[in-house]
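Structure file coords-v1.cif with mmCIF, C-alpha atoms and all ligand atoms:
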```cif
data_work
#
loop_
_atom_site.label_atom_id
_atom_site.label_comp_id
_atom_site.auth_asym_id
_atom_site.auth_seq_id
_atom_site.Cartn_x
_atom_site.Cartn_y
_atom_site.Cartn_z
CA MET A 914 54.78 114.30 -20.94
CA ARG A 915 55.92 111.65 -18.52
CA PHE A 916 54.55 108.11 -18.65
CA PRO A 917 54.46 105.70 -15.76
CA SER A 918 56.60 102.60 -16.12
CA THR A 919 56.00 101.01 -12.72
CA LEU A 920 52.91 100.64 -10.59
CA LEU A 921 54.43 102.98 -8.00
CA GLU A 922 54.99 105.62 -10.65
CA PHE A 923 51.44 105.09 -11.82
CA GLN A 924 50.13 105.72 -8.33
CA ALA A 925 52.27 108.80 -7.91
CA GLN A 926 51.21 110.21 -11.25
CA PHE A 927 47.52 109.32 -11.01
CA PRO A 928 46.67 109.42 -7.31
CA ASP A 929 43.00 110.16 -8.05
CA ASP A 930 40.50 110.75 -10.82
CA ASP A 931 41.21 114.48 -11.00
CA HIS A 932 44.74 113.80 -12.14
CA CYS A 933 43.46 111.45 -14.83
CA TRP A 934 41.01 114.07 -16.08
CA ALA A 935 43.70 116.69 -16.19
CA TYR A 936 45.99 114.34 -18.07
CA LEU A 937 43.30 113.46 -20.59
CA ARG A 938 42.56 117.14 -21.05
CA ARG A 939 46.21 117.89 -21.82
CA ILE A 940 46.31 115.15 -24.44
CA ARG A 941 43.04 116.05 -26.09
CA TRP A 942 43.38 119.81 -25.99
CA PRO A 943 47.14 120.43 -25.80
CA ARG A 944 46.63 124.12 -26.58
CA GLY A 945 43.61 124.49 -24.36
CA PHE A 946 39.92 123.81 -24.87
CA LEU A 947 38.65 124.03 -28.43
CA CYS A 948 34.90 124.35 -28.77
CA PRO A 949 33.57 121.63 -31.08
CA ARG A 950 30.63 123.84 -32.00
CA CYS A 951 32.02 127.32 -32.64
CA GLY A 952 35.76 126.72 -32.66
CA SER A 953 36.51 129.25 -29.92
CA ARG A 954 39.12 128.70 -27.29
CA GLY A 955 38.51 129.37 -23.65
CA SER A 956 36.05 127.67 -21.37
CA HIS A 957 34.70 127.52 -17.86
CA PHE A 958 35.14 124.21 -16.19
CA LEU A 959 31.98 123.04 -14.47
CA ALA A 960 33.73 120.96 -11.87
CA SER A 961 30.75 119.15 -10.39
CA ARG A 962 29.75 117.69 -13.77
CA ARG A 963 33.23 117.69 -15.26
CA LEU A 964 32.03 119.63 -18.29
CA GLU A 965 33.72 122.39 -20.21
CA GLN A 966 31.46 125.28 -21.12
CA CYS A 967 32.51 127.39 -24.09
CA ARG A 968 32.93 131.06 -23.15
CA ALA A 969 31.62 132.20 -26.52
CA CYS A 970 28.60 130.02 -27.22
CA ARG A 971 28.10 128.29 -23.86
CA TYR A 972 28.18 124.87 -25.50
CA GLN A 973 29.03 122.18 -22.97
CA SER A 974 31.29 119.29 -23.80
CA SER A 975 33.32 116.69 -22.02
CA VAL A 976 36.90 115.67 -22.54
CA THR A 977 35.65 112.10 -22.84
CA ALA A 978 33.03 112.83 -25.53
CA GLY A 979 33.61 110.68 -28.59
CA THR A 980 36.23 108.49 -26.91
CA VAL A 981 35.92 105.00 -25.41
CA PHE A 982 35.61 106.70 -22.01
CA HIS A 983 32.40 108.38 -23.14
CA GLY A 984 29.57 108.16 -20.62
CA THR A 985 31.46 105.72 -18.43
CA ARG A 986 30.50 105.16 -14.83
CA VAL A 987 33.79 103.50 -14.08
CA PRO A 988 36.32 105.88 -12.49
CA LEU A 989 38.80 107.16 -15.04
CA ARG A 990 41.59 105.92 -12.83
CA VAL A 991 40.39 102.34 -13.31
CA TRP A 992 40.45 102.87 -17.07
CA PHE A 993 43.97 104.22 -16.79
CA LEU A 994 44.95 101.14 -14.81
CA GLY A 995 43.54 99.03 -17.64
CA VAL A 996 45.74 100.97 -20.04
CA PHE A 997 48.70 100.44 -17.74
CA PHE A 998 48.20 96.67 -17.45
CA LEU A 999 47.63 96.29 -21.18
CA ALA A 1000 50.79 98.25 -21.82
CA ARG A 1001 53.13 97.15 -19.07
CA HIS A 1002 52.28 93.53 -18.43
CA LYS A 1003 54.06 91.38 -20.94
CA LYS A 1004 51.00 89.17 -21.07
CA GLY A 1005 48.26 91.76 -20.65
CA ILE A 1006 45.60 90.93 -18.10
CA SER A 1007 42.46 88.83 -17.95
CA ALA A 1008 39.10 90.32 -17.02
CA LEU A 1009 38.98 88.19 -13.88
CA GLN A 1010 42.38 89.36 -12.69
CA PHE A 1011 41.53 92.95 -13.57
CA GLN A 1012 38.31 92.78 -11.58
CA ARG A 1013 40.21 91.41 -8.60
CA ASP A 1014 42.99 93.98 -8.84
CA THR A 1015 40.76 97.03 -9.25
CA GLY A 1016 37.62 95.98 -7.41
CA VAL A 1017 35.29 97.08 -10.24
CA GLY A 1018 31.72 96.04 -9.64
CA SER A 1019 31.40 93.03 -11.90
CA TYR A 1020 33.27 90.69 -14.15
CA GLN A 1021 31.22 91.98 -17.11
CA THR A 1022 32.35 95.54 -16.45
CA ALA A 1023 35.98 94.48 -16.30
CA TRP A 1024 35.58 92.35 -19.41
CA ALA A 1025 33.91 95.10 -21.43
CA LEU A 1026 36.42 97.74 -20.31
CA LEU A 1027 39.38 95.68 -21.51
CA HIS A 1028 37.69 94.89 -24.82
CA LYS A 1029 36.92 98.55 -25.37
CA LEU A 1030 40.58 99.38 -24.87
CA ARG A 1031 41.58 96.57 -27.25
CA SER A 1032 39.11 97.80 -29.87
CA GLY A 1033 41.07 101.03 -30.13
CA LEU A 1034 44.28 99.19 -31.00
CA SER A 1035 42.93 98.13 -34.39
CA ASN A 1036 42.92 101.80 -35.45
CA LEU A 1037 46.68 102.01 -35.28
CA PRO A 1038 48.45 102.38 -38.59
CA ALA A 1039 49.96 99.04 -39.56
CA PRO A 1040 53.04 99.56 -41.74
CA LEU A 1041 53.36 97.11 -44.62
CA LEU A 1042 55.90 94.35 -44.03
CA LYS A 1043 59.09 94.10 -46.08
CA GLY A 1044 62.06 91.86 -46.71
CA ASP A 1045 61.86 88.14 -46.07
CA VAL A 1046 58.49 87.34 -44.57
CA GLU A 1047 56.94 84.03 -43.53
CA ALA A 1048 53.24 83.39 -44.17
CA ASP A 1049 51.37 80.53 -42.56
CA GLU A 1050 48.12 79.59 -40.84
CA THR A 1051 47.11 77.72 -37.75
CA TYR A 1052 43.96 76.73 -35.90
CA ILE A 1053 42.99 77.85 -32.47
CA GLY A 1054 40.30 76.58 -30.19
CA GLY A 1055 39.30 73.82 -27.87
CA TYR A 1056 42.86 73.79 -26.66
CA ARG A 1057 43.48 70.44 -28.20
CA GLU A 1058 45.87 71.15 -31.00
CA GLY A 1059 44.69 70.07 -34.46
CA LEU A 1060 44.91 66.37 -34.91
CA ASN A 1061 43.62 66.62 -38.41
CA GLY A 1062 45.69 69.39 -39.87
CA ARG A 1063 43.77 72.20 -41.48
CA GLY A 1064 40.88 72.66 -39.36
CA ALA A 1065 37.65 71.10 -38.29
CA GLY A 1066 35.69 73.16 -35.82
CA LYS A 1067 38.50 75.48 -34.84
CA THR A 1068 39.18 79.08 -35.73
CA GLY A 1069 41.73 79.73 -38.45
CA VAL A 1070 44.39 82.35 -37.90
CA ALA A 1071 46.75 83.57 -40.60
CA ILE A 1072 50.14 85.10 -39.90
CA ILE A 1073 52.78 87.09 -41.67
CA VAL A 1074 55.99 87.79 -39.83
CA GLU A 1075 59.22 89.42 -40.93
CA ARG A 1076 62.52 87.56 -40.69
CA ARG A 1077 65.28 89.80 -39.49
CA GLY A 1078 68.33 87.61 -39.22
CA ARG A 1079 68.33 86.03 -35.83
CA THR A 1080 65.12 87.65 -34.71
CA ALA A 1081 61.65 88.46 -35.98
CA GLY A 1082 60.49 91.90 -37.09
CA SER A 1083 56.83 92.90 -37.14
CA ALA A 1084 53.92 90.50 -37.45
CA ARG A 1085 50.29 90.59 -38.59
CA LEU A 1086 47.62 88.16 -37.44
CA ALA A 1087 44.09 87.78 -38.75
CA VAL A 1088 41.17 85.49 -38.10
CA ILE A 1089 40.36 83.72 -41.39
CA PRO A 1090 37.16 81.90 -42.31
CA ARG A 1091 39.13 79.18 -44.12
CA ALA A 1092 42.50 78.61 -45.73
CA THR A 1093 41.46 79.16 -49.35
CA THR A 1094 43.42 80.88 -52.11
CA ALA A 1095 41.16 83.94 -52.03
CA VAL A 1096 41.42 84.38 -48.27
CA LEU A 1097 45.15 83.76 -47.88
CA THR A 1098 46.32 85.71 -50.90
CA SER A 1099 44.27 88.77 -50.00
CA PHE A 1100 45.62 88.64 -46.45
CA VAL A 1101 49.21 88.42 -47.72
CA GLN A 1102 48.66 91.14 -50.31
CA GLY A 1103 47.17 93.49 -47.76
CA ALA A 1104 50.02 93.03 -45.30
CA ILE A 1105 53.17 93.38 -47.42
CA GLN A 1106 54.94 95.87 -49.61
CA PRO A 1107 54.67 93.68 -52.75
CA GLN A 1108 57.75 95.00 -54.54
CA GLU A 1109 59.95 94.75 -51.47
CA ALA A 1110 58.94 91.45 -49.92
CA THR A 1111 59.87 87.82 -50.45
CA VAL A 1112 57.15 85.55 -49.12
CA HIS A 1113 58.13 82.17 -47.71
CA THR A 1114 55.39 79.60 -47.22
CA ASP A 1115 54.98 75.86 -47.03
CA ALA A 1116 53.76 73.96 -50.09
CA TRP A 1117 50.04 74.51 -49.37
CA ARG A 1118 48.38 75.05 -52.75
CA SER A 1119 46.42 78.13 -51.69
CA TYR A 1120 49.63 80.13 -51.70
CA THR A 1121 50.63 79.22 -55.27
CA ALA A 1122 48.59 82.12 -56.70
CA LEU A 1123 50.98 84.60 -55.06
CA SER A 1124 53.59 84.36 -57.80
CA LYS A 1125 50.93 84.99 -60.46
CA MET A 1126 50.25 88.26 -58.68
CA GLY A 1127 53.83 89.29 -59.22
CA ILE A 1128 54.86 88.58 -55.64
CA ASP A 1129 58.24 86.95 -55.04
CA HIS A 1130 57.00 83.69 -53.55
CA ARG A 1131 59.31 80.93 -52.28
CA PRO A 1132 57.25 77.91 -51.27
CA ARG A 1133 59.06 75.18 -49.43
CA LYS A 1134 59.04 72.25 -51.82
CA GLY A 1135 58.02 68.77 -50.75
CA GLY A 1136 58.16 67.60 -47.16
CA HIS A 1137 55.00 66.22 -45.65
CA GLY A 1138 54.50 66.30 -41.90
CA ARG A 1139 53.37 69.89 -41.99
CA HIS A 1140 54.64 72.19 -39.27
CA ALA A 1141 57.59 69.90 -38.74
CA LEU A 1142 60.28 71.14 -41.06
CA ASP A 1143 58.64 73.57 -43.40
CA GLY A 1144 61.24 76.27 -42.91
CA LEU A 1145 58.99 78.82 -41.19
CA PRO A 1146 60.65 79.15 -37.80
CA TRP A 1147 59.29 82.58 -36.86
CA ALA A 1148 55.72 81.84 -37.88
CA HIS A 1149 55.81 78.78 -35.64
CA THR A 1150 57.42 80.62 -32.75
CA VAL A 1151 54.85 83.41 -32.85
CA PHE A 1152 51.95 80.96 -33.12
CA GLY A 1153 53.37 79.05 -30.17
CA ASN A 1154 53.64 82.20 -28.06
CA LEU A 1155 50.15 83.28 -29.11
CA LYS A 1156 48.60 79.97 -28.07
CA THR A 1157 50.45 79.88 -24.78
CA TRP A 1158 49.27 83.42 -24.06
CA LEU A 1159 45.63 82.75 -24.92
CA ARG A 1160 45.62 79.56 -22.90
CA GLY A 1161 47.55 80.89 -19.93
CA THR A 1162 46.03 84.32 -19.52
CA PHE A 1163 42.49 83.79 -20.69
CA HIS A 1164 41.85 80.05 -20.48
CA GLY A 1165 40.30 80.09 -23.91
CA VAL A 1166 38.78 82.83 -25.97
CA SER A 1167 35.60 82.93 -28.00
CA PRO A 1168 36.09 83.02 -31.80
CA LYS A 1169 33.82 86.07 -31.92
CA HIS A 1170 36.32 88.12 -29.93
CA LEU A 1171 39.53 86.48 -31.09
CA GLN A 1172 40.54 89.24 -33.53
CA ARG A 1173 40.72 91.79 -30.70
CA TYR A 1174 43.06 89.49 -28.77
CA LEU A 1175 45.18 89.09 -31.90
CA ASP A 1176 45.33 92.88 -32.17
CA GLU A 1177 46.51 93.13 -28.58
CA PHE A 1178 49.13 90.44 -29.12
CA VAL A 1179 50.51 92.06 -32.29
CA PHE A 1180 50.44 95.48 -30.67
CA ARG A 1181 52.83 94.34 -27.92
CA PHE A 1182 54.83 92.05 -30.20
CA ASP A 1183 55.64 94.85 -32.65
CA ARG A 1184 56.67 97.14 -29.81
CA ARG A 1185 58.54 94.66 -27.67
CA TRP A 1186 61.76 96.67 -27.94
CA LYS A 1187 60.19 100.05 -27.25
CA GLU A 1188 58.33 99.61 -24.02
CA THR A 1189 58.15 103.27 -23.14
CA GLU A 1190 56.01 103.94 -26.22
CA ILE A 1191 53.33 101.53 -25.22
CA PHE A 1192 51.42 103.33 -22.47
CA PRO A 1193 50.81 106.53 -24.43
CA ARG A 1194 49.88 104.55 -27.54
CA VAL A 1195 47.17 102.56 -25.77
CA LEU A 1196 45.86 105.75 -24.22
CA HIS A 1197 45.85 107.58 -27.55
CA CYS A 1198 44.04 104.65 -29.14
CA ALA A 1199 41.39 104.84 -26.43
CA ILE A 1200 40.96 108.55 -27.08
CA ASP A 1201 40.82 108.15 -30.84
CA ALA A 1202 38.56 105.12 -30.78
CA ASP A 1203 34.85 105.52 -31.26
CA PRO A 1204 32.70 104.95 -28.23
CA PHE A 1205 32.13 101.23 -28.22
CA PRO A 1206 28.73 100.42 -26.75
CA TYR A 1207 28.55 97.39 -24.54
CA HIS A 1208 25.85 95.75 -26.66
CA HIS A 1209 28.37 95.49 -29.49
CA LEU A 1210 30.35 93.15 -27.35
CA THR A 1211 27.74 90.71 -26.04
CA ALA A 1212 29.86 89.36 -23.28
CA GLU A 1213 30.66 85.74 -22.99
CA ARG A 1214 32.25 84.22 -19.99
CA THR A 1215 35.62 83.75 -21.56
CA GLY A 1216 38.72 85.85 -21.78
ZN ZN B 1 31.56 127.54 -28.56
#
```
Target encoding structure tokens, full file:
Amino acid sequence: MRFPSTLLEFQAQFPDDDHCWAYLRRIRWPRGFLCPRCGSRGSHFLASRRLEQCRACRYQSSVTAGTVFHGTRVPLRVWFLGVFFLARHKKGISALQFQRDTGVGSYQTAWALLHKLRSGLSNLPAPLLKGDVEADETYIGGYREGLNGRGAGKTGVAIIVERRGRTAGSARLAVIPRATTAVLTSFVQGAIQPQEATVHTDAWRSYTALSKMGIDHRPRKGGHGRHALDGLPWAHTVFGNLKTWLRGTFHGVSPKHLQRYLDEFVFRFDRRWKETEIFPRVLHCAIDADPFPYHHLTAERTG
């Protein structure tokens, strides 16, 4: 199946909603309709209501049932554009810009649509990281960078990122309640292949438990002035890019929704060399994701 890589290709491939429905149908039922009730193949398409009716048991179902597109009133083509922007724009897109570009009815609709697409990304398998990895934390919020080091009133974010010579490999980012031993060690443990990773950190005491867990841990000894010369170049680079992105694209993000933005960031970061994979992955995530009711989101006027 072909995937659009420019806006012109997108328009050619998805000139209207019918093309989007047909595309979705091919992805969901590659060998033709499969009745969720009786397992038969073969259906009548009830075009006016866009429902498939099983030839055997007459059960009616929709290609969007059980996906994030379920019950949507927004044209499928607008959803597909959301997928396209999330996938093709290096920096994603803000709800405000998306509303302007697509003309959807309200900011809230645009905001919820993008968050629903992001929510699917967290279902992607996240391979465990290996080799030399850097672990660190930072604080995000208020857009005045931490004057007092670890915290106060900001949202903590932990990172693990692979060092691959002169570049970085994959990364994982998570919102953390605080930078304690329990929180940081369980984050590190959950993100790496313990027998195949060497974890580099600064001298922060919460990381010292890692070696007791049998993990090859190389803390940077001594050196005050944290974040100056603690030997974690990739962690700092990724944090810098993350903050620039959040500030530039979204003008601040609520802590409640931050993890979904982190998921979007990591999704693109890990696939930055394989751009052609991105569009179908976001679309597949949207299809695999559970319907995500709006009231789960409780919109705030940020992001
Ligand atoms: Zn049936």
Checklist entry - How many Å lie between atom CA of Val1101 of chain A and atom CA of Leu1175 of chain A, rounded to one decimal? => result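 Straight-line distance from atom CA of Val1101 of chain A to atom CA of Leu1175 of chain A works out to 16.3 Å.
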Checklist entry - Excluding same-chain residues fewer than 5 positions from Pro943 of chain A, what lies within 12 Å of it counting only C-alpha atoms, as a PyMOL selection string? => result chain A and resi 914+935-938+954+976
Checklist entry - Which residue gives the smallest distance to Thr1150 of chain A among A:Phe923, A:Phe1011, A:Phe1182, A:Trp934, with all atoms listed in the file counted? => result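 Using all atoms listed in the file, Thr1150 of chain A sits closest to A:Phe1182.
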Item to check | Env. residues ligand ZN 1 (chain B) / 6 Å / only C-alpha atoms and all ligand atoms / as a list of chain:residue names | outcome: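 The neighbouring residues of ligand ZN 1 (chain B) are, in order, A:Cys948, A:Arg950, A:Cys951, A:Gly952, A:Ser953, A:Cys967, A:Ala969, A:Cys970, A:Arg971, A:Tyr972.
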Checklist entry - In Å, with one decimal, what is the gap from atom CA of Arg1079 of chain A to atom CA of Trp1147 of chain A? => result 9.7 Å
Checklist entry - So how many Å separate atom CA of Val996 of chain A and atom CA of Ile1089 of chain A, to one decimal? => result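 Atom CA of Ile1089 of chain A lies 28.0 Å from atom CA of Val996 of chain A.
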Checklist entry - From the list A:Val1074, A:Ala925, A:Leu947, A:Arg1013, which residue is nearest His1113 of chain A when using all atoms listed in the file? => result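 Among the listed residues, the smallest separation from His1113 of chain A belongs to A:Val1074.
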Next on the checklist: Here is a test: counting all atoms listed in the file, which residue of A:Pro1107, A:Gly1144, A:Asp1049, A:Leu1041 is nearest to Gly1127 of chain A?
Outcome noted: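 Among the listed residues, the smallest separation from Gly1127 of chain A belongs to A:Pro1107.
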Once you count only C-alpha atoms, which residues end up no further than 12 Å from (42.3, 115.8, -23.8) in the file's frame, shown as a PDB file with C-alpha atoms, in the coordinates of the input?
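The result, stored in result-v2.pdb:
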```
ATOM      1  CA  CYS A 933      43.460 111.450 -14.830  1.00  0.00           C
ATOM      2  CA  TRP A 934      41.010 114.070 -16.080  1.00  0.00           C
ATOM      3  CA  ALA A 935      43.700 116.690 -16.190  1.00  0.00           C
ATOM      4  CA  TYR A 936      45.990 114.340 -18.070  1.00  0.00           C
ATOM      5  CA  LEU A 937      43.300 113.460 -20.590  1.00  0.00           C
ATOM      6  CA  ARG A 938      42.560 117.140 -21.050  1.00  0.00           C
ATOM      7  CA  ARG A 939      46.210 117.890 -21.820  1.00  0.00           C
ATOM      8  CA  ILE A 940      46.310 115.150 -24.440  1.00  0.00           C
ATOM      9  CA  ARG A 941      43.040 116.050 -26.090  1.00  0.00           C
ATOM     10  CA  TRP A 942      43.380 119.810 -25.990  1.00  0.00           C
ATOM     11  CA  PRO A 943      47.140 120.430 -25.800  1.00  0.00           C
ATOM     12  CA  ARG A 944      46.630 124.120 -26.580  1.00  0.00           C
ATOM     13  CA  GLY A 945      43.610 124.490 -24.360  1.00  0.00           C
ATOM     14  CA  PHE A 946      39.920 123.810 -24.870  1.00  0.00           C
ATOM     15  CA  LEU A 947      38.650 124.030 -28.430  1.00  0.00           C
ATOM     16  CA  GLU A 965      33.720 122.390 -20.210  1.00  0.00           C
ATOM     17  CA  SER A 974      31.290 119.290 -23.800  1.00  0.00           C
ATOM     18  CA  SER A 975      33.320 116.690 -22.020  1.00  0.00           C
ATOM     19  CA  VAL A 976      36.900 115.670 -22.540  1.00  0.00           C
ATOM     20  CA  THR A 977      35.650 112.100 -22.840  1.00  0.00           C
ATOM     21  CA  ALA A 978      33.030 112.830 -25.530  1.00  0.00           C
ATOM     22  CA  GLY A 979      33.610 110.680 -28.590  1.00  0.00           C
ATOM     23  CA  THR A 980      36.230 108.490 -26.910  1.00  0.00           C
ATOM     24  CA  PHE A 982      35.610 106.700 -22.010  1.00  0.00           C
ATOM     25  CA  LEU A1196      45.860 105.750 -24.220  1.00  0.00           C
ATOM     26  CA  HIS A1197      45.850 107.580 -27.550  1.00  0.00           C
ATOM     27  CA  ALA A1199      41.390 104.840 -26.430  1.00  0.00           C
ATOM     28  CA  ILE A1200      40.960 108.550 -27.080  1.00  0.00           C
ATOM     29  CA  ASP A1201      40.820 108.150 -30.840  1.00  0.00           C
TER      30      ASP A1201
END
```
Item to check | Best match for closeness to Pro1040 of chain A among A:Ile1053, A:Ala1104, A:Val981, A:Ala1000, counting only C-alpha atoms | outcome: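 Nearest to Pro1040 of chain A: A:Ala1104.
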Item to check | Proximity to Asp931 of chain A - best of A:Lys1125, A:Arg963, A:His957, A:His1002, all atoms listed in the file | outcome: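 Closest residue, counting all atoms listed in the file: A:Arg963.
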Checklist entry - Nearest to Asp1014 of chain A among A:Pro1193, A:Gly1044, A:Gly995, A:Gly1054, with distances taken over all atoms listed in the file: which residue is it? => result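 Between A:Pro1193, A:Gly1044, A:Gly995, A:Gly1054, the residue approaching Asp1014 of chain A most closely is A:Gly995.
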